[in-house]
Amino acid sequence: IVGEIKVAGAGHFDFAYNPRRAKQKAQIHKTIATYINAFVERYILSKEEAEKHLSVPSRFVTLLYPPPEAKYEVETKIALPYGKHPLQKVDIYLPKGAKGFPCVLVIHGGAWVGGKRGMFGMFCKALARRGIGAATCDYRLAPEFVYPAFMEDVAAALVLVRKEFAEAGGDIRRLFVTGHSAGGHISALLATNAKFLKKYGLTPKDIAGVAPVSGVYRIIKNPFKAFGDDPRIWRDASPIDHISKDLPPFLIIYGEKEMLPALTAIRFEKALRDKGVAVNGFMMLGHRHADTARNMNRADSEVFLRLITFFRKHRADKVTPPDVE
């Protein structure tokens, strides 16, 4: 059994009780003691009831544990249209019989010019088998359709999946967006540049959390001819240029051996933190760009574990009700 506990605000010496700092560090000391005692009770004294302290995160603690048991059957809804173009479709994967479950929209990569929603079908199924609803969408591609076409598409797809998840018993206060590569960029921009959700009466607060994987967060020089030649458009399409303190929590994942995604991820994480946004960034050792994508589809990988832990932890305080018939 492998687990990790990250205690917010704790430094090296906080794990050794210091009575001179007891008042200032009371919550940190209490949190540390709770998890140490729970570990002893669960694995040394064999008290199963202590498991709840080791598997339920809090606002002070981020947990990384093996994912929940894959106990749910998966119900699928394939190729639901959210527009008239052939690429404007979503696939939805639901945990059969679950209620109040978290929900995730997964956005594929492909440099804004390629890719398809089926790339992360295994990831969606793995989430659904573990009690998390998942959907993955196609979107119109460059160079035929340049920015902001794919952003408008993903915003429309989000509206549809909110409705579908709500009708299936999901908790839209726990609706997340994630994606790889270009999908990481799109997921981050959807939550930072509010204009795409505003069209549907939504705001970034309607998203519980954002988990871009190997994304790019500053657009320059019209990559893959997907953004046009106007630098003002590049800034509009750059998540790092739309950061505010009111954004949802972020989990940023990137590979050690990625050049541009790693560099922009580090800068994006710092910019978010400087604005007071809750953010964690993780570099996957030895990973190249294709490795992070492949490991999203592997339920035994660290990439998958960190994502599912993030999806289990957060909840939006208040969201706009979906248009459910």
# chains A, B, ... in the order shown; residues from 1 in each chain; ligands from 1
>>> select_by_dssp(residues="segment 86-308 of chain A", states="strand (DSSP E or B)", output="number ranges by chain")
A: 89-95, 103-107, 133-137, 175-180, 209-213, 250-255, 279-284
>>> write_last_selection(atoms="C-alpha atoms", output="PDB file, in the first residue's frame")
ATOM      1  CA  LYS A  89     -20.009  15.356 -30.085  1.00  0.00           C
ATOM      2  CA  VAL A  90     -19.384  13.946 -26.621  1.00  0.00           C
ATOM      3  CA  ASP A  91     -19.137  10.462 -25.110  1.00  0.00           C
ATOM      4  CA  ILE A  92     -20.340  10.053 -21.530  1.00  0.00           C
ATOM      5  CA  TYR A  93     -19.368   7.330 -19.047  1.00  0.00           C
ATOM      6  CA  LEU A  94     -21.478   6.914 -15.901  1.00  0.00           C
ATOM      7  CA  PRO A  95     -20.991   4.765 -12.782  1.00  0.00           C
ATOM      8  CA  CYS A 103     -17.985  14.565 -12.773  1.00  0.00           C
ATOM      9  CA  VAL A 104     -15.163  15.290 -15.211  1.00  0.00           C
ATOM     10  CA  LEU A 105     -14.969  16.672 -18.753  1.00  0.00           C
ATOM     11  CA  VAL A 106     -11.836  15.337 -20.479  1.00  0.00           C
ATOM     12  CA  ILE A 107     -10.423  17.266 -23.461  1.00  0.00           C
ATOM     13  CA  GLY A 133     -18.723  10.322 -14.064  1.00  0.00           C
ATOM     14  CA  ALA A 134     -16.616  11.243 -17.081  1.00  0.00           C
ATOM     15  CA  ALA A 135     -17.197  12.707 -20.517  1.00  0.00           C
ATOM     16  CA  THR A 136     -14.852  13.380 -23.415  1.00  0.00           C
ATOM     17  CA  CYS A 137     -15.552  15.676 -26.351  1.00  0.00           C
ATOM     18  CA  LEU A 175     -17.619  19.136 -11.926  1.00  0.00           C
ATOM     19  CA  PHE A 176     -13.995  19.254 -13.133  1.00  0.00           C
ATOM     20  CA  VAL A 177     -12.215  19.822 -16.418  1.00  0.00           C
ATOM     21  CA  THR A 178      -8.976  18.177 -17.477  1.00  0.00           C
ATOM     22  CA  GLY A 179      -7.103  17.552 -20.689  1.00  0.00           C
ATOM     23  CA  HIS A 180      -3.742  16.686 -22.179  1.00  0.00           C
ATOM     24  CA  GLY A 209     -11.297  22.301 -10.230  1.00  0.00           C
ATOM     25  CA  VAL A 210      -9.016  22.301 -13.265  1.00  0.00           C
ATOM     26  CA  ALA A 211      -6.345  19.654 -13.932  1.00  0.00           C
ATOM     27  CA  PRO A 212      -4.353  20.398 -17.104  1.00  0.00           C
ATOM     28  CA  VAL A 213      -1.758  17.764 -18.042  1.00  0.00           C
ATOM     29  CA  PHE A 250      -5.714  23.866 -10.099  1.00  0.00           C
ATOM     30  CA  LEU A 251      -3.704  20.666 -10.343  1.00  0.00           C
ATOM     31  CA  ILE A 252      -0.918  21.050 -12.917  1.00  0.00           C
ATOM     32  CA  ILE A 253       0.894  17.927 -14.130  1.00  0.00           C
ATOM     33  CA  TYR A 254       3.819  17.862 -16.530  1.00  0.00           C
ATOM     34  CA  GLY A 255       6.705  15.598 -17.497  1.00  0.00           C
ATOM     35  CA  VAL A 279      -2.663  25.215  -6.918  1.00  0.00           C
ATOM     36  CA  ASN A 280      -0.393  22.182  -6.830  1.00  0.00           C
ATOM     37  CA  GLY A 281       2.099  21.365  -9.559  1.00  0.00           C
ATOM     38  CA  PHE A 282       3.707  17.956 -10.031  1.00  0.00           C
ATOM     39  CA  MET A 283       6.583  17.014 -12.303  1.00  0.00           C
ATOM     40  CA  MET A 284       6.449  13.358 -13.370  1.00  0.00           C
TER      41      MET A 284
END
>>> select_by_dssp(residues="segment 16-141 of chain A", states="helix (DSSP H, G or I)", output="count of residues only")
42
>>> closest_residue(among="A:Asp291, A:Asp241, A:Glu152, A:Glu75", to="Arg267 of chain A", atoms="only C-alpha atoms")
A:Asp241
>>> closest_residue(among="A:His289, A:Arg315, A:Lys225, A:His185", to="Pro239 of chain A", atoms="only C-alpha atoms")
A:His185
>>> residues_around(residues="Arg140 of chain A", least_positions_apart="6", cutoff="12 Å", atoms="only C-alpha atoms", output="list in words")
Tyr82, Gly83, Lys84, His85, Pro86, Leu87, Gln88, Lys89, His108, Gly110, Trp112, Val113, Gly114, Gly115, Lys116, Arg117, Val146, Tyr147, Pro148, Ala149, Phe150, Met151, Glu152, Asp153, Val154, Ala156, Ala157 and Ala226 of chain A
>>> residues_around(residues="Glu167 of chain A", least_positions_apart="4", cutoff="12 Å", atoms="only C-alpha atoms", output="ChimeraX atom specification")
/A:94,99-101,133,160-163,171-172,321-325
>>> decode(residues="segment 92-103 of chain A", atoms="all heavy atoms", output="compact mmCIF listing (two decimals), in the first residue's frame")
# COMPACT_ATOMS: atom_id res chain seq x y z
N ILE A 92 -20.16 9.94 -22.97
CA ILE A 92 -20.34 10.05 -21.53
C ILE A 92 -20.28 8.67 -20.90
O ILE A 92 -20.87 7.71 -21.41
CB ILE A 92 -21.68 10.75 -21.20
CG1 ILE A 92 -21.65 12.19 -21.72
CG2 ILE A 92 -21.95 10.73 -19.70
CD1 ILE A 92 -22.92 12.97 -21.49
N TYR A 93 -19.56 8.58 -19.78
CA TYR A 93 -19.37 7.33 -19.05
C TYR A 93 -19.86 7.54 -17.61
O TYR A 93 -19.36 8.42 -16.91
CB TYR A 93 -17.90 6.94 -19.04
CG TYR A 93 -17.30 6.77 -20.42
CD1 TYR A 93 -16.93 7.88 -21.19
CD2 TYR A 93 -17.10 5.50 -20.96
CE1 TYR A 93 -16.39 7.72 -22.46
CE2 TYR A 93 -16.56 5.34 -22.23
CZ TYR A 93 -16.20 6.46 -22.97
OH TYR A 93 -15.67 6.31 -24.23
N LEU A 94 -20.84 6.73 -17.20
CA LEU A 94 -21.48 6.91 -15.90
C LEU A 94 -21.30 5.69 -15.02
O LEU A 94 -21.40 4.55 -15.50
CB LEU A 94 -22.97 7.18 -16.09
CG LEU A 94 -23.36 8.40 -16.92
CD1 LEU A 94 -24.84 8.36 -17.26
CD2 LEU A 94 -23.00 9.67 -16.17
N PRO A 95 -21.05 5.89 -13.72
CA PRO A 95 -20.99 4.76 -12.78
C PRO A 95 -22.42 4.30 -12.44
O PRO A 95 -23.16 5.01 -11.77
CB PRO A 95 -20.28 5.35 -11.56
CG PRO A 95 -20.59 6.82 -11.61
CD PRO A 95 -20.75 7.18 -13.06
N LYS A 96 -22.79 3.14 -12.92
CA LYS A 96 -24.15 2.65 -12.77
C LYS A 96 -24.54 2.52 -11.31
O LYS A 96 -23.85 1.87 -10.52
CB LYS A 96 -24.31 1.30 -13.47
CG LYS A 96 -25.73 0.77 -13.50
CD LYS A 96 -25.80 -0.52 -14.30
CE LYS A 96 -27.24 -1.05 -14.37
NZ LYS A 96 -27.31 -2.30 -15.17
N GLY A 97 -25.64 3.16 -10.94
CA GLY A 97 -26.16 3.07 -9.59
C GLY A 97 -25.60 4.08 -8.61
O GLY A 97 -26.10 4.19 -7.49
N ALA A 98 -24.58 4.84 -8.99
CA ALA A 98 -23.99 5.82 -8.08
C ALA A 98 -24.83 7.09 -8.05
O ALA A 98 -25.51 7.43 -9.02
CB ALA A 98 -22.56 6.15 -8.51
N LYS A 99 -24.80 7.78 -6.93
CA LYS A 99 -25.49 9.06 -6.78
C LYS A 99 -24.54 10.07 -6.14
O LYS A 99 -23.68 9.72 -5.34
CB LYS A 99 -26.73 8.90 -5.89
CG LYS A 99 -27.80 8.00 -6.49
CD LYS A 99 -28.38 8.57 -7.77
CE LYS A 99 -29.45 7.67 -8.37
NZ LYS A 99 -29.95 8.20 -9.66
N GLY A 100 -24.72 11.34 -6.51
CA GLY A 100 -23.90 12.39 -5.94
C GLY A 100 -22.42 12.27 -6.29
O GLY A 100 -21.56 12.71 -5.53
N PHE A 101 -22.14 11.71 -7.44
CA PHE A 101 -20.75 11.43 -7.79
C PHE A 101 -20.08 12.65 -8.44
O PHE A 101 -20.74 13.49 -9.05
CB PHE A 101 -20.65 10.24 -8.76
CG PHE A 101 -21.58 10.30 -9.94
CD1 PHE A 101 -21.24 11.01 -11.09
CD2 PHE A 101 -22.81 9.64 -9.91
CE1 PHE A 101 -22.08 11.06 -12.18
CE2 PHE A 101 -23.67 9.69 -11.00
CZ PHE A 101 -23.31 10.40 -12.15
N PRO A 102 -18.74 12.77 -8.31
CA PRO A 102 -18.02 13.81 -9.04
C PRO A 102 -18.11 13.58 -10.54
O PRO A 102 -18.37 12.46 -10.99
CB PRO A 102 -16.58 13.65 -8.55
CG PRO A 102 -16.65 12.81 -7.32
CD PRO A 102 -17.86 11.94 -7.48
N CYS A 103 -17.85 14.63 -11.32
CA CYS A 103 -17.98 14.56 -12.77
C CYS A 103 -16.78 15.26 -13.41
O CYS A 103 -16.28 16.26 -12.88
CB CYS A 103 -19.26 15.27 -13.23
SG CYS A 103 -20.73 14.93 -12.24
